[in-house]
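Printed here is input.pdb (PDB, C-alpha atoms):
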```pdb
ATOM      1  CA  MET A   1       8.920   9.386  -1.958
ATOM      2  CA  ASP A   2       8.503   5.602  -2.244
ATOM      3  CA  THR A   3      10.218   2.352  -3.221
ATOM      4  CA  LEU A   4       9.954   0.401  -6.435
ATOM      5  CA  THR A   5      11.798  -2.009  -8.709
ATOM      6  CA  ILE A   6      13.714  -0.931 -11.816
ATOM      7  CA  ASP A   7      15.193  -3.678 -14.014
ATOM      8  CA  ASN A   8      14.822  -6.170 -11.134
ATOM      9  CA  THR A   9      16.657  -3.840  -8.729
ATOM     10  CA  PHE A  10      14.956  -2.548  -5.583
ATOM     11  CA  VAL A  11      15.394   1.245  -5.403
ATOM     12  CA  TYR A  12      14.437   4.237  -3.305
ATOM     13  CA  HIS A  13      12.790   7.175  -5.082
ATOM     14  CA  ILE A  14      13.933  10.589  -3.844
ATOM     15  CA  LYS A  15      12.569  13.890  -5.148
ATOM     16  CA  LEU A  16      14.316  17.215  -4.584
ATOM     17  CA  PHE A  17      12.558  20.558  -5.156
ATOM     18  CA  ILE A  18      14.586  23.771  -5.348
ATOM     19  CA  ASP A  19      12.679  27.061  -5.403
ATOM     20  CA  SER A  20      14.293  30.453  -4.968
ATOM     21  CA  ASN A  21      12.811  32.994  -2.593
ATOM     22  CA  PRO A  22      10.625  35.439  -4.587
ATOM     23  CA  SER A  23      11.952  38.315  -2.449
ATOM     24  CA  ILE A  24      15.398  37.814  -4.031
ATOM     25  CA  PHE A  25      14.540  39.527  -7.302
ATOM     26  CA  PHE A  26      17.745  38.612  -9.171
ATOM     27  CA  VAL A  27      17.327  34.846  -8.644
ATOM     28  CA  ASN A  28      14.619  32.835 -10.385
ATOM     29  CA  MET A  29      15.243  29.123  -9.910
ATOM     30  CA  HIS A  30      12.606  26.378  -9.917
ATOM     31  CA  SER A  31      14.022  22.894 -10.397
ATOM     32  CA  VAL A  32      13.026  19.299  -9.658
ATOM     33  CA  TYR A  33      15.518  16.421  -9.486
ATOM     34  CA  GLU A  34      14.528  12.770  -9.075
ATOM     35  CA  SER A  35      16.979  10.099  -7.933
ATOM     36  CA  PHE A  36      16.360   6.344  -7.876
ATOM     37  CA  ILE A  37      19.094   4.672  -5.804
ATOM     38  CA  ASP A  38      19.783   1.153  -4.529
ATOM     39  CA  ASP A  39      20.999   0.204  -1.039
ATOM     40  CA  LYS A  40      24.619   0.764  -2.150
ATOM     41  CA  PHE A  41      23.800   4.398  -3.055
ATOM     42  CA  ARG A  42      24.177   3.593  -6.749
ATOM     43  CA  LEU A  43      21.974   5.579  -9.116
ATOM     44  CA  ASN A  44      19.778   3.448 -11.337
ATOM     45  CA  LEU A  45      17.765   6.327 -12.798
ATOM     46  CA  PHE A  46      18.101  10.103 -12.569
ATOM     47  CA  LEU A  47      15.608  12.652 -13.945
ATOM     48  CA  SER A  48      16.149  16.398 -14.258
ATOM     49  CA  ASP A  49      15.677  19.502 -16.357
ATOM     50  CA  GLU A  50      18.849  20.775 -18.020
ATOM     51  CA  GLU A  51      19.646  23.811 -20.134
ATOM     52  CA  ILE A  52      21.965  23.524 -23.143
ATOM     53  CA  ASP A  53      22.509  26.492 -25.491
ATOM     54  CA  ASN A  54      19.481  28.250 -23.949
ATOM     55  CA  VAL A  55      17.231  25.241 -24.599
ATOM     56  CA  THR A  56      15.646  23.395 -21.640
ATOM     57  CA  TYR A  57      15.556  19.614 -21.872
ATOM     58  CA  LYS A  58      13.812  16.916 -19.857
ATOM     59  CA  THR A  59      16.725  14.586 -19.231
ATOM     60  CA  GLU A  60      16.763  10.907 -18.269
ATOM     61  CA  TYR A  61      19.901   9.093 -17.172
ATOM     62  CA  ARG A  62      19.689   5.279 -16.993
ATOM     63  CA  PHE A  63      22.651   3.548 -15.389
ATOM     64  CA  ASN A  64      23.704   0.159 -16.758
ATOM     65  CA  TYR A  65      26.424  -1.191 -14.472
ATOM     66  CA  VAL A  66      26.672  -4.500 -16.359
ATOM     67  CA  ASP A  67      27.711  -2.739 -19.580
ATOM     68  CA  SER A  68      29.379   0.205 -17.742
ATOM     69  CA  LEU A  69      27.211   2.724 -19.581
ATOM     70  CA  ILE A  70      24.911   5.641 -18.831
ATOM     71  CA  HIS A  71      22.100   5.924 -21.368
ATOM     72  CA  ILE A  72      21.133   9.596 -21.701
ATOM     73  CA  ASN A  73      17.930  10.774 -23.350
ATOM     74  CA  MET A  74      17.164  14.511 -23.565
ATOM     75  CA  THR A  75      13.888  15.955 -24.898
ATOM     76  CA  ASP A  76      13.266  19.627 -25.654
ATOM     77  CA  VAL A  77      10.433  20.737 -23.324
ATOM     78  CA  ASN A  78       9.076  23.132 -25.983
ATOM     79  CA  ASP A  79       9.510  20.807 -28.963
ATOM     80  CA  PRO A  80       9.322  17.071 -28.085
ATOM     81  CA  THR A  81      10.461  16.177 -31.604
ATOM     82  CA  LYS A  82      13.929  17.499 -30.743
ATOM     83  CA  THR A  83      15.959  14.983 -28.754
ATOM     84  CA  ILE A  84      19.558  14.226 -27.850
ATOM     85  CA  VAL A  85      20.417  10.566 -27.264
ATOM     86  CA  ARG A  86      23.862   9.323 -26.300
ATOM     87  CA  ASP A  87      25.791   6.887 -24.091
ATOM     88  CA  ASP A  88      28.573   7.739 -21.616
ATOM     89  CA  THR A  89      30.911   5.209 -20.038
ATOM     90  CA  ILE A  90      31.090   4.650 -16.276
ATOM     91  CA  ASN A  91      33.770   2.785 -14.360
ATOM     92  CA  GLU A  92      32.906   3.952 -10.861
ATOM     93  CA  THR A  93      29.954   4.808  -8.641
ATOM     94  CA  ILE A  94      28.616   8.282  -9.389
ATOM     95  CA  LEU A  95      26.442  10.171  -6.902
ATOM     96  CA  ASP A  96      24.188  13.107  -7.611
ATOM     97  CA  GLY A  97      23.817  15.899  -5.060
ATOM     98  CA  THR A  98      20.747  14.429  -3.359
ATOM     99  CA  THR A  99      22.211  10.941  -3.064
ATOM    100  CA  MET A 100      25.320  12.422  -1.478
ATOM    101  CA  ILE A 101      23.257  13.672   1.467
ATOM    102  CA  TYR A 102      22.004  10.131   2.124
ATOM    103  CA  TYR A 103      25.518   8.765   1.680
ATOM    104  CA  ALA A 104      26.738  11.262   4.274
ATOM    105  CA  ARG A 105      23.952  10.318   6.704
ATOM    106  CA  SER A 106      24.990   6.685   6.421
ATOM    107  CA  ASN A 107      28.705   7.328   6.997
ATOM    108  CA  VAL A 108      28.757  10.327   9.321
ATOM    109  CA  VAL A 109      29.221   8.100  12.391
ATOM    110  CA  SER A 110      32.723   7.205  11.158
ATOM    111  CA  THR A 111      36.021   9.099  11.050
ATOM    112  CA  LYS A 112      37.485   8.885   7.553
ATOM    113  CA  SER A 113      37.967  10.833   4.332
ATOM    114  CA  ASP A 114      36.258   9.927   1.041
ATOM    115  CA  THR A 115      36.660  11.254  -2.477
ATOM    116  CA  ILE A 116      33.427  10.830  -4.423
ATOM    117  CA  THR A 117      32.608  11.351  -8.087
ATOM    118  CA  SER A 118      29.496  13.453  -8.607
ATOM    119  CA  PHE A 119      27.819  14.951 -11.664
ATOM    120  CA  PHE A 120      25.617  17.867 -12.593
ATOM    121  CA  GLU A 121      24.239  18.554 -16.070
ATOM    122  CA  SER A 122      26.415  15.802 -17.590
ATOM    123  CA  LYS A 123      29.631  17.218 -16.092
ATOM    124  CA  ARG A 124      31.536  15.131 -13.557
ATOM    125  CA  GLY A 125      33.773  16.263 -10.726
ATOM    126  CA  LYS A 126      35.187  15.241  -7.367
ATOM    127  CA  VAL A 127      33.799  15.898  -3.902
ATOM    128  CA  ILE A 128      36.015  15.383  -0.846
ATOM    129  CA  ILE A 129      34.178  14.553   2.387
ATOM    130  CA  ASN A 130      35.969  14.408   5.743
ATOM    131  CA  PHE A 131      33.868  12.534   8.305
ATOM    132  CA  LYS A 132      34.820  13.714  11.810
ATOM    133  CA  GLY A 133      32.459  11.593  13.926
ATOM    134  CA  LYS A 134      30.844  12.922  17.092
ATOM    135  CA  HIS A 135      30.916  16.694  17.552
ATOM    136  CA  SER A 136      29.689  19.296  20.019
ATOM    137  CA  LYS A 137      26.110  20.484  20.491
ATOM    138  CA  ILE A 138      24.626  23.031  18.107
ATOM    139  CA  LYS A 139      21.470  25.104  18.275
ATOM    140  CA  ILE A 140      19.071  25.671  15.386
ATOM    141  CA  SER A 141      15.936  27.819  15.420
ATOM    142  CA  ALA A 142      13.513  24.893  14.901
ATOM    143  CA  LEU A 143      14.616  23.114  18.105
ATOM    144  CA  GLN A 144      14.127  24.353  21.648
ATOM    145  CA  SER A 145      17.379  22.897  22.963
ATOM    146  CA  PRO A 146      20.874  22.355  21.536
ATOM    147  CA  MET A 147      21.530  18.894  20.124
ATOM    148  CA  GLU A 148      24.679  16.820  19.993
ATOM    149  CA  THR A 149      25.824  16.190  16.454
ATOM    150  CA  TYR A 150      28.016  14.353  14.011
ATOM    151  CA  TYR A 151      30.179  16.686  11.941
ATOM    152  CA  LEU A 152      31.772  16.634   8.506
ATOM    153  CA  ASP A 153      33.502  19.049   6.186
ATOM    154  CA  GLY A 154      35.049  18.930   2.746
ATOM    155  CA  VAL A 155      35.437  20.542  -0.653
ATOM    156  CA  VAL A 156      33.260  20.413  -3.786
ATOM    157  CA  GLN A 157      35.717  20.483  -6.694
ATOM    158  CA  MET A 158      33.070  21.210  -9.336
ATOM    159  CA  LYS A 159      29.899  23.271  -9.782
ATOM    160  CA  GLY A 160      26.723  21.561  -8.652
ATOM    161  CA  VAL A 161      23.080  22.463  -8.057
ATOM    162  CA  ALA A 162      22.617  26.221  -7.490
ATOM    163  CA  GLY A 163      26.319  26.745  -8.207
ATOM    164  CA  LEU A 164      27.433  24.704  -5.190
ATOM    165  CA  THR A 165      31.239  24.677  -5.061
ATOM    166  CA  GLY A 166      34.207  25.041  -2.720
ATOM    167  CA  PRO A 167      34.464  24.224   1.006
ATOM    168  CA  PHE A 168      31.455  23.118   3.049
ATOM    169  CA  LYS A 169      30.540  22.048   6.586
ATOM    170  CA  GLY A 170      27.654  19.906   7.819
ATOM    171  CA  TRP A 171      26.101  18.831  11.121
ATOM    172  CA  PHE A 172      23.801  15.796  11.549
ATOM    173  CA  ALA A 173      21.729  14.856  14.611
ATOM    174  CA  LEU A 174      23.329  12.330  16.949
ATOM    175  CA  ASP A 175      20.630   9.665  16.755
ATOM    176  CA  GLU A 176      19.775   6.631  14.623
ATOM    177  CA  LYS A 177      18.017   8.671  11.907
ATOM    178  CA  ARG A 178      20.761  11.312  11.722
ATOM    179  CA  PRO A 179      18.810  14.048   9.882
ATOM    180  CA  PRO A 180      20.920  16.978   8.638
ATOM    181  CA  LEU A 181      20.533  19.935  11.013
ATOM    182  CA  LYS A 182      22.799  22.608   9.591
ATOM    183  CA  ALA A 183      25.193  23.289   6.719
ATOM    184  CA  GLU A 184      27.546  26.058   5.654
ATOM    185  CA  LEU A 185      28.389  26.172   1.959
ATOM    186  CA  LYS A 186      29.024  28.327  -1.078
ATOM    187  CA  VAL A 187      26.538  28.709  -3.945
ATOM    188  CA  PHE A 188      26.229  31.177  -6.822
ATOM    189  CA  ILE A 189      24.820  33.960  -4.629
ATOM    190  CA  GLY A 190      27.659  33.599  -2.091
ATOM    191  CA  HIS A 191      28.296  31.873   1.227
ATOM    192  CA  VAL A 192      25.117  30.632   2.920
ATOM    193  CA  LYS A 193      24.012  28.892   6.097
ATOM    194  CA  VAL A 194      21.210  26.325   5.868
ATOM    195  CA  GLU A 195      19.138  24.998   8.781
ATOM    196  CA  LEU A 196      16.518  22.273   9.061
ATOM    197  CA  GLU A 197      13.112  23.917   9.495
ATOM    198  CA  ASP A 198      10.566  21.103   9.302
ATOM    199  CA  TRP A 199      10.449  17.307   9.242
ATOM    200  CA  LYS A 200       8.285  14.193   9.305
ATOM    201  CA  ASN A 201       8.718  10.869  11.135
ATOM    202  CA  TRP A 202      11.334  12.218  13.539
ATOM    203  CA  ASN A 203      10.885  13.172  17.198
ATOM    204  CA  PRO A 204      13.839  15.235  18.433
ATOM    205  CA  GLN A 205      12.036  16.034  21.695
ATOM    206  CA  ILE A 206      12.422  12.419  22.840
ATOM    207  CA  ILE A 207      16.139  12.532  22.100
ATOM    208  CA  GLU A 208      16.556  15.759  24.069
ATOM    209  CA  ILE A 209      14.733  14.300  27.121
ATOM    210  CA  GLN A 210      16.974  11.203  27.079
ATOM    211  CA  LYS A 211      20.022  13.450  27.449
TER     212      LYS A 211
END
```

Could you rewrite the structure in this file as structure tokens?
Amino acid sequence: MDTLTIDNTFVYHIKLFIDSNPSIFFVNMHSVYESFIDDKFRLNLFLSDEEIDNVTYKTEYRFNYVDSLIHINMTDVNDPTKTIVRDDTINETILDGTTMIYYARSNVVSTKSDTITSFFESKRGKVIINFKGKHSKIKISALQSPMETYYLDGVVQMKGVAGLTGPFKGWFALDEKRPPLKAELKVFIGHVKVELEDWKNWNPQIIEIQK
């Protein structure tokens, strides 16, 4: 979205929209998640809607790495007078689902395995990512020609956004921007394949010609 400063820290503002397809009648999901991360992929602020005991809350997580605390403030969307305020301790870097994609883009050129702590609706869990480096070409519908890729796989040992859990695979374009091209993963409706459909500020045609 943009860049700004929070508590004297320069951060990137990322906004994720999740909307279910209206043709899938048994799924009705409309969520917005906002992440504010520094250049070390550390969350400084995270905003989301969360449901607890059938009540939806606007939730704000503020990360204080000096005091090793997460300040959590939850406000009932239907009754702003009802709030939940508490502090949780942190002793490690915690990534949300969106930040993890950017973390993967930054590290996908390497060959290594990482175990990351992530969280969703105040619950933490581990995500194992195996970076495999350069991979073979893949073809997606939005591109005219196959593209060489970086590849990773791993396991989500928790339940994340849209019920994301279990093994996953991902392919990123083999260029300096490394946008995600394709993923295979498991969510609450089952195993799905995801492909990049549209983008801004990226010209894959130039990359294909150079090959």

Please build the interface table for stretch 164-208 of chain A against stretch 144-159 of chain A with a cut-off of 10 Å, listing for each qualifying residue the nearest atom pair and the distance in Å to one decimal; count all atoms listed in the file, order rows by chain and increasing number, and write it as a Markdown table.
```
| residue | atom | partner | partner_atom | distance |
| --- | --- | --- | --- | --- |
| A:Leu164 | CA | A:Lys159 | CA | 5.4 |
| A:Thr165 | CA | A:Val156 | CA | 4.9 |
| A:Gly166 | CA | A:Val156 | CA | 4.8 |
| A:Pro167 | CA | A:Val155 | CA | 4.2 |
| A:Phe168 | CA | A:Gly154 | CA | 5.5 |
| A:Lys169 | CA | A:Asp153 | CA | 4.2 |
| A:Gly170 | CA | A:Leu152 | CA | 5.3 |
| A:Trp171 | CA | A:Tyr151 | CA | 4.7 |
| A:Phe172 | CA | A:Tyr150 | CA | 5.1 |
| A:Ala173 | CA | A:Thr149 | CA | 4.7 |
| A:Leu174 | CA | A:Thr149 | CA | 4.6 |
| A:Asp175 | CA | A:Thr149 | CA | 8.3 |
| A:Arg178 | CA | A:Tyr150 | CA | 8.2 |
| A:Pro179 | CA | A:Thr149 | CA | 9.8 |
| A:Pro180 | CA | A:Thr149 | CA | 9.3 |
| A:Leu181 | CA | A:Thr149 | CA | 8.5 |
| A:Lys182 | CA | A:Tyr151 | CA | 9.7 |
| A:Ala183 | CA | A:Asp153 | CA | 9.3 |
| A:Glu184 | CA | A:Asp153 | CA | 9.2 |
| A:Leu185 | CA | A:Val155 | CA | 9.4 |
| A:Lys186 | CA | A:Val156 | CA | 9.4 |
| A:Val187 | CA | A:Lys159 | CA | 8.7 |
| A:Phe188 | CA | A:Lys159 | CA | 9.2 |
| A:Pro204 | CA | A:Met147 | CA | 8.7 |
| A:Gln205 | CA | A:Gln144 | CA | 8.6 |
| A:Ile207 | CA | A:Met147 | CA | 8.6 |
| A:Glu208 | CA | A:Met147 | CA | 7.1 |
```

The PyMOL selection byres ((chain A and resi 65) around 12) applied to the shown file, residues as a PDB file with C-alpha atoms, in the frame of the given file:
```pdb
ATOM      1  CA  ASP A   7      15.193  -3.678 -14.014  1.00  0.00           C
ATOM      2  CA  THR A   9      16.657  -3.840  -8.729  1.00  0.00           C
ATOM      3  CA  ARG A  42      24.177   3.593  -6.749  1.00  0.00           C
ATOM      4  CA  LEU A  43      21.974   5.579  -9.116  1.00  0.00           C
ATOM      5  CA  ASN A  44      19.778   3.448 -11.337  1.00  0.00           C
ATOM      6  CA  LEU A  45      17.765   6.327 -12.798  1.00  0.00           C
ATOM      7  CA  ARG A  62      19.689   5.279 -16.993  1.00  0.00           C
ATOM      8  CA  PHE A  63      22.651   3.548 -15.389  1.00  0.00           C
ATOM      9  CA  ASN A  64      23.704   0.159 -16.758  1.00  0.00           C
ATOM     10  CA  VAL A  66      26.672  -4.500 -16.359  1.00  0.00           C
ATOM     11  CA  ASP A  67      27.711  -2.739 -19.580  1.00  0.00           C
ATOM     12  CA  SER A  68      29.379   0.205 -17.742  1.00  0.00           C
ATOM     13  CA  LEU A  69      27.211   2.724 -19.581  1.00  0.00           C
ATOM     14  CA  ILE A  70      24.911   5.641 -18.831  1.00  0.00           C
ATOM     15  CA  HIS A  71      22.100   5.924 -21.368  1.00  0.00           C
ATOM     16  CA  ASP A  88      28.573   7.739 -21.616  1.00  0.00           C
ATOM     17  CA  THR A  89      30.911   5.209 -20.038  1.00  0.00           C
ATOM     18  CA  ILE A  90      31.090   4.650 -16.276  1.00  0.00           C
ATOM     19  CA  ASN A  91      33.770   2.785 -14.360  1.00  0.00           C
ATOM     20  CA  GLU A  92      32.906   3.952 -10.861  1.00  0.00           C
ATOM     21  CA  THR A  93      29.954   4.808  -8.641  1.00  0.00           C
ATOM     22  CA  ILE A  94      28.616   8.282  -9.389  1.00  0.00           C
TER      23      ILE A  94
END
```

**OP:** Could you check how far atom CA of A:Lys132 sits from atom CA of A:His191, in Å to one decimal?
**Re:**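 Result for atom CA of A:Lys132 versus atom CA of A:His191: 22.0 Å, one decimal.
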
Original post:
What gap, in Å, lies between atom CA of A:Ser113 and atom CA of A:Glu195?
Top reply: 24.0 Å

**OP:** Check which residues satisfy the PyMOL selection byres ((chain A and resi 115-120) around 9) in the file shown, then give them as a ChimeraX atom specification.
**Re:** /A:92-97,100,113-114,121-130,158-161

**OP:** Write out as a PyMOL selection string the residues lying within 9 Å of A:Lys15, counting all atoms listed in the file and excluding same-chain residues fewer than 3 positions away.
**Re:** chain A and resi 1+32-36+98

Original post:
Which of these residues is nearest to A:Thr99, using only C-alpha atoms: A:Lys137, A:Arg86, A:Lys40, A:Ser48?
Top reply: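 That would be A:Lys40, the residue with the smallest distance to A:Thr99.
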
Original post:
Mind pulling up the distance from atom CA of A:Ser31 to atom CA of A:Asp49?
Top reply: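 That distance, rounded to one decimal, is 7.1 Å.
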
**OP:** Tell me which protein, DNA and RNA residues are within 8 Å of A:Glu197, counting all atoms listed in the file, leaving out same-chain ones fewer than 2 positions away, and put them as a PyMOL selection string.
**Re:** chain A and resi 141-142+195+199

**OP:** Run the PyMOL selection byres ((chain A and resi 85) around 9) on the file and write out the hits as a list in words.
**Re:**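 In the shown coordinates, the PyMOL selection byres ((chain A and resi 85) around 9) covers His71, Ile72, Asn73, Met74, Thr75, Thr83, Ile84, Arg86 and Asp87 of chain A.
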
Subject >> Distance criterion (only C-alpha atoms): nearest to A:Ile189 out of A:Asp79, A:Asn201, A:Gly163, A:Val108 >> reply: A:Gly163

Edge lengths and centre, in Å to one decimal, as lines of an AutoDock Vina configuration file: that's what I need for the box along x, y and z that holds all listed atoms of stretch 152-163 of chain A plus 6 Å on each side.
```
center_x = 29.2
center_y = 21.7
center_z = -0.6
size_x = 25.1
size_y = 22.1
size_z = 30.3
```

Original post:
Smallest atom-to-atom distance to A:Ala104: which of A:Lys177, A:Lys82, A:His30, A:His13, using only C-alpha atoms?
Top reply: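 Of all the options, A:Lys177 lies closest to A:Ala104.
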
Limit the output to N, CA, C and O atoms and give stretch 124-145 of chain A as a compact mmCIF listing (two decimals), in the first residue's frame.
```
# COMPACT_ATOMS: atom_id res chain seq x y z
N ARG A 124 -0.65 -19.14 18.18
CA ARG A 124 0.64 -19.28 17.52
C ARG A 124 0.91 -20.73 17.10
O ARG A 124 0.37 -21.66 17.68
N GLY A 125 1.72 -20.88 16.09
CA GLY A 125 2.11 -22.20 15.63
C GLY A 125 3.35 -22.11 14.76
O GLY A 125 3.83 -21.01 14.45
N LYS A 126 3.86 -23.26 14.36
CA LYS A 126 5.09 -23.31 13.57
C LYS A 126 4.79 -23.56 12.10
O LYS A 126 3.84 -24.27 11.75
N VAL A 127 5.62 -22.96 11.25
CA VAL A 127 5.56 -23.19 9.81
C VAL A 127 6.96 -23.56 9.34
O VAL A 127 7.92 -22.82 9.57
N ILE A 128 7.09 -24.72 8.72
CA ILE A 128 8.38 -25.18 8.19
C ILE A 128 8.43 -24.85 6.70
O ILE A 128 7.52 -25.20 5.95
N ILE A 129 9.48 -24.15 6.30
CA ILE A 129 9.66 -23.80 4.88
C ILE A 129 10.99 -24.36 4.41
O ILE A 129 12.05 -24.08 5.00
N ASN A 130 10.95 -25.15 3.34
CA ASN A 130 12.14 -25.72 2.72
C ASN A 130 12.41 -24.99 1.41
O ASN A 130 11.67 -25.16 0.43
N PHE A 131 13.43 -24.14 1.40
CA PHE A 131 13.79 -23.40 0.19
C PHE A 131 14.68 -24.28 -0.68
O PHE A 131 15.74 -24.74 -0.24
N LYS A 132 14.25 -24.52 -1.92
CA LYS A 132 14.95 -25.45 -2.82
C LYS A 132 15.79 -24.76 -3.88
O LYS A 132 16.49 -25.41 -4.65
N GLY A 133 15.70 -23.42 -3.97
CA GLY A 133 16.46 -22.71 -4.99
C GLY A 133 15.82 -22.82 -6.36
O GLY A 133 14.61 -22.99 -6.51
N LYS A 134 16.65 -22.75 -7.40
CA LYS A 134 16.17 -22.75 -8.78
C LYS A 134 15.47 -24.05 -9.12
O LYS A 134 15.89 -25.13 -8.72
N HIS A 135 14.37 -23.93 -9.88
CA HIS A 135 13.55 -25.09 -10.23
C HIS A 135 13.29 -25.07 -11.73
O HIS A 135 13.79 -24.20 -12.46
N SER A 136 12.48 -25.99 -12.20
CA SER A 136 12.16 -26.06 -13.62
C SER A 136 11.12 -25.01 -14.01
O SER A 136 10.55 -24.33 -13.16
N LYS A 137 10.84 -24.93 -15.31
CA LYS A 137 9.83 -24.00 -15.81
C LYS A 137 8.44 -24.51 -15.46
O LYS A 137 8.19 -25.71 -15.39
N ILE A 138 7.52 -23.56 -15.22
CA ILE A 138 6.12 -23.90 -15.06
C ILE A 138 5.29 -22.99 -15.96
O ILE A 138 5.74 -21.92 -16.36
N LYS A 139 4.08 -23.41 -16.23
CA LYS A 139 3.18 -22.64 -17.07
C LYS A 139 1.93 -22.28 -16.26
O LYS A 139 1.33 -23.14 -15.60
N ILE A 140 1.57 -20.99 -16.28
CA ILE A 140 0.31 -20.57 -15.68
C ILE A 140 -0.52 -19.88 -16.76
O ILE A 140 0.01 -19.39 -17.77
N SER A 141 -1.82 -19.83 -16.55
CA SER A 141 -2.74 -19.34 -17.59
C SER A 141 -2.50 -17.88 -17.97
O SER A 141 -2.72 -17.48 -19.12
N ALA A 142 -2.02 -17.05 -17.02
CA ALA A 142 -1.87 -15.62 -17.27
C ALA A 142 -0.64 -15.29 -18.11
O ALA A 142 -0.50 -14.15 -18.57
N LEU A 143 0.25 -16.25 -18.33
CA LEU A 143 1.47 -16.01 -19.10
C LEU A 143 1.45 -16.84 -20.38
O LEU A 143 1.03 -18.00 -20.37
N GLN A 144 1.95 -16.26 -21.46
CA GLN A 144 1.94 -16.96 -22.74
C GLN A 144 2.96 -18.08 -22.79
O GLN A 144 2.75 -19.09 -23.46
N SER A 145 4.07 -17.93 -22.10
CA SER A 145 5.14 -18.92 -22.16
C SER A 145 5.47 -19.43 -20.76
O SER A 145 5.25 -18.74 -19.77
```
